[in-house]
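Notes to accompany the following structure.
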Amino acid sequence: MADLLLELICEEIPSRMQARAAADLQKLICGRLADAGLAHGTATSFVAPRHLALYVEDVADRQEDVSEERRGPRADAPDKAIEGFLKSTGLTRDQLVAEDTPKGTFLFARIERAGADTATLLPDMITSVLAEFPWPKSQRWGATRFRWVRPLHRVNVMFGGAPLAGALDLGGGSLAFTSTSRGHYFEHGGDLDLTGVASAEDYVNLLRGAHVMVDAASRRAAIVEGASALAAANGSGLRPNDALLDEITGLVEWPTPLFGQIEDRFMALPDEVLEASIRVHQKYLTTGSEDGALTPGFVVVSNRLSDSDRADSDRDAVILAGNQRVLRARLADAEFFWQEDGQTPLENHLPRLADIAFYEGLGSVHDKAMRLETLAGIIADAVPGCDAAGAVRAARLAKADLVTGMVGEFPELQGIMGGYYARNGGESAAVADAIAGHYRPQGPADSLPATPEGLVVSLADKIDSLVGFFGVGAKPTGSKDPFALRRAALGVIRIVLESGLRLPMDAVLTAAAQAHGFVAYDDDLLPFIRERLRVSLRDAGIAHDVVAAAFGNGSGDEGTGADDLLALADRATALSSFLAGDQGTGLLAGWRRAASILNAEESKAKQTFSPTTDPGLFVVAAETALYDALNGLTVPGEGGQDRESLIAVMQSLGGLRTPIDGFFETVVVNDDDAAIRLNRLGLLAMVRDAMQRVADFSKLEG
């Protein structure tokens with residue numbers, strides 16, 4: 001056995017692609033080893049901006065020899081059959097052996113294949129993986145046809161501590177395998193000999209000695225530890241931001257955190273403006289007090305050795321001064337926009353929205369604002385505690401900040417700045433908060449708008465977009481969703497479910513379509529939203545067949561309440577809970593027996609039996625007991641029901657288990673008397689009808 005080290009050195013890999021690349025490299029190389037029948041031990045991948053590496057322990061030195069026996073056609077088979085067998089085995093006729101078997105004399109091929117040395121197999125494995133590597137985006141360079149995320153400089157392959165010969169075909173050139181790595185491109189200029197590397201730890205230490213932390217987790221931990229210590233030394237704490245930490249980790253090879261100060265004058269800007277300038281645009285970490293308030297400090301992560309690690313002791317100050325100068329200029333711009341925007345009431349920006357096209361066929365952003373105003377007035381009735389007038393006002397102004405200077409400079413602050421400008425311009429807190437939160441939720445980790453008015457405007461915005469884009473044919477496909485309509489639908493679903501809203505989707509979608517000037521909303525839209533709900537419920541742990549049973553036939557027209565997302569979700573949740581108990585399990589068994597009999601008899605009779613029965617034709621007590629139990633059921637209400645009501649209905653339905661069991665134990669459905677037989681089939685049809693009013697039990701599997 002021997003260890004394999006594969007190291008790729010290229011120009012800077014985008015931070016967002018690094019973790020996936022390391023995982024893909026490990027998966028693909030280990031997969032090729034497995035396909036070749038080469039056992040191996042632990043595999044560890046590494047990634048830094050210019051390094052992508054994989055260390056695989058205890059790889060088998062060679063494939064095992066293979067001895068295989070294959071039976072062919074009979075010895076007296078036609079020549080064509082024998083020739084086909086010879087072709088499949090690669091043997092000649094005289095290499096086949098004829099043997100007697102209980103079924104006759106057959107030809108056998110005995111194939112002995114010697115295993116190949118791993119060292120001879122690895123070059124092709126590695127180059128084929130590199131040629132097909134699944135980068136999200138890649139490029140060609142020079143006159144070559146080979147594609148990689150950035151120009152590739154070295155392919156280092158070590159097996160058993162020795163360099164492995166080979167070359168990567170670049171399509172117009174080649175890149176020979178080498179055994180020399182590179183350290184930090186500023187702090188360590190020379191090559192690194194990989195021949196002394198005997199373990200993954202050795203590799204990490206070799207690179208560390210050249211000022212490259214090739215292990216991403218160690219690099220991230222060093223950033224957090226160093227930045228937290230600096231923040232604490234300056235009387236504050238590091239504000240958490242995992243996404244930013246991940247990004248910075250992918251930007252530096254040797255992180256050196258430095259602490260900078262924000263000028264006091266800029267602390268008058270809204271926190272979100274400071275955060276956007278510091279975090280989003282400059283990639284600095286921000287600091288905060290114990291109560292979470294932003295403090296006038298930041299941490300920049302340099303990609304150089306610190307003063308304490310080198311002879312000159314003033315470079316940190318130079319780096320920090322340069323970063324503070326850049327940040328000061330950006331904050332000065334933000335300060336200017338804050339002051340300039342504040343001089344104009346938010347509503348005065350509305351006419352300028354007419355100059356911004358929303359989408360071809362959907363008018364301008366001003367048109368959208370007017371549609372939101374109309375739609376918010378309709379949705380407000382479904383949101384408890386909502387100030388309808390405030391929601392309508394907020395919807396009208398929600399997009400006005402798009403033409404402000406601040407949002408032009410910091411697009412990620414749209415909505416948020418509108419909330420500030422509305423509040424400073426004298427609008428009510430309800431209006432300002434609704435504007436600020438109306439883009440939420442923007443993903444599964446984002447919170448909902450904090451106020452009823454915000455919920456209304458958010459729903460109006462998302463529903464208007466869904467109806468509009470579907471209406472002009474810009475629907476998502478299996479692989480593309482350029483207008484984030486799936487996210488919009490999931491946002492609607494989260495608001496409805498988490499806020500417990502009885503929102504009549506059909507009526508709201510119809511109103512939105514009318515606001516667009518459409519005859520009706522697209523037929524595919526409500527099923528699209530229901531499908532997103534279906535996926536959401538499955539992701540929440542509800543079995544797919546239970547969701548299908550709760551949703552009915554999936555056509556979108558299952559009757560009253562079919563467009564009530566909350567009712568559908570509650571029915572799925574209640575049904576899942578009911579079926580997990582003994583009552584549900586037993587009732588389901590009875591349902592399947594009843595449905596099986598009905599299906600068989602209806603197939604013969606070529607008709608569907610009506611759910612009616614005549615008690616006067618009952619012969620045994622079990623028929624009466626089942627009939628009485630059916631008449632005593634809690635009847636599901638019309639339209640949407642809350643979860644407690646649904647559970648009560650299902651618990652009532654669970655009471656059918658005993659009389660159904662008793663019926664099948666003592667009653668023969670197919671009685672010789674045709675009238676009695678039809679009467680009993682009608683009784684079973686009543687069972688089916690009662691259960692189908694709650695859910696489509698035919699969708700349940702198992």
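Each chain of the structure tokens is named A, B, ... in the order shown, its residues numbered from 1; ligands are numbered from 1 in display order.
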TODO: Run DSSP on the backbone and give me the residues of segment 102-313 of chain A it puts in alpha helix (DSSP H), as a PyMOL selection string.
DONE: chain A and resi 118-131+200-209+216-233+242-249+271-275
- Item | Shell of 12 Å around segment 376-387 of chain A, only C-alpha atoms, local chain residues under 3 positions omitted, as number ranges by chain | A: 368-373, 390-398, 428-431, 434, 438, 450-464, 495-496, 499-512, 515, 564
- Message: Using only C-alpha atoms, which protein or nucleic acid residues come within 12 Å of Gly584 of chain A? Drop anything in the same chain fewer than 5 positions from it, and give the result as a VMD selection string.
- Response: chain A and resid 574 to 579 589 to 591 647 650 to 658 691 697 700
Arg147 of chain A proximity check over A:Leu375, A:Ala317, A:Leu130, A:Leu646, using only C-alpha atoms: winner is A:Leu130
- Taking the DSSP assignment computed from this structure's backbone, write out as a PyMOL selection string all residues of segment 112-333 of chain A that belong to strand (DSSP E or B). chain A and resi 112-113+117+139+148+152-159+162-163+167-169+174-178+180-182+191-193+237-238+256-261+285-288+294-302
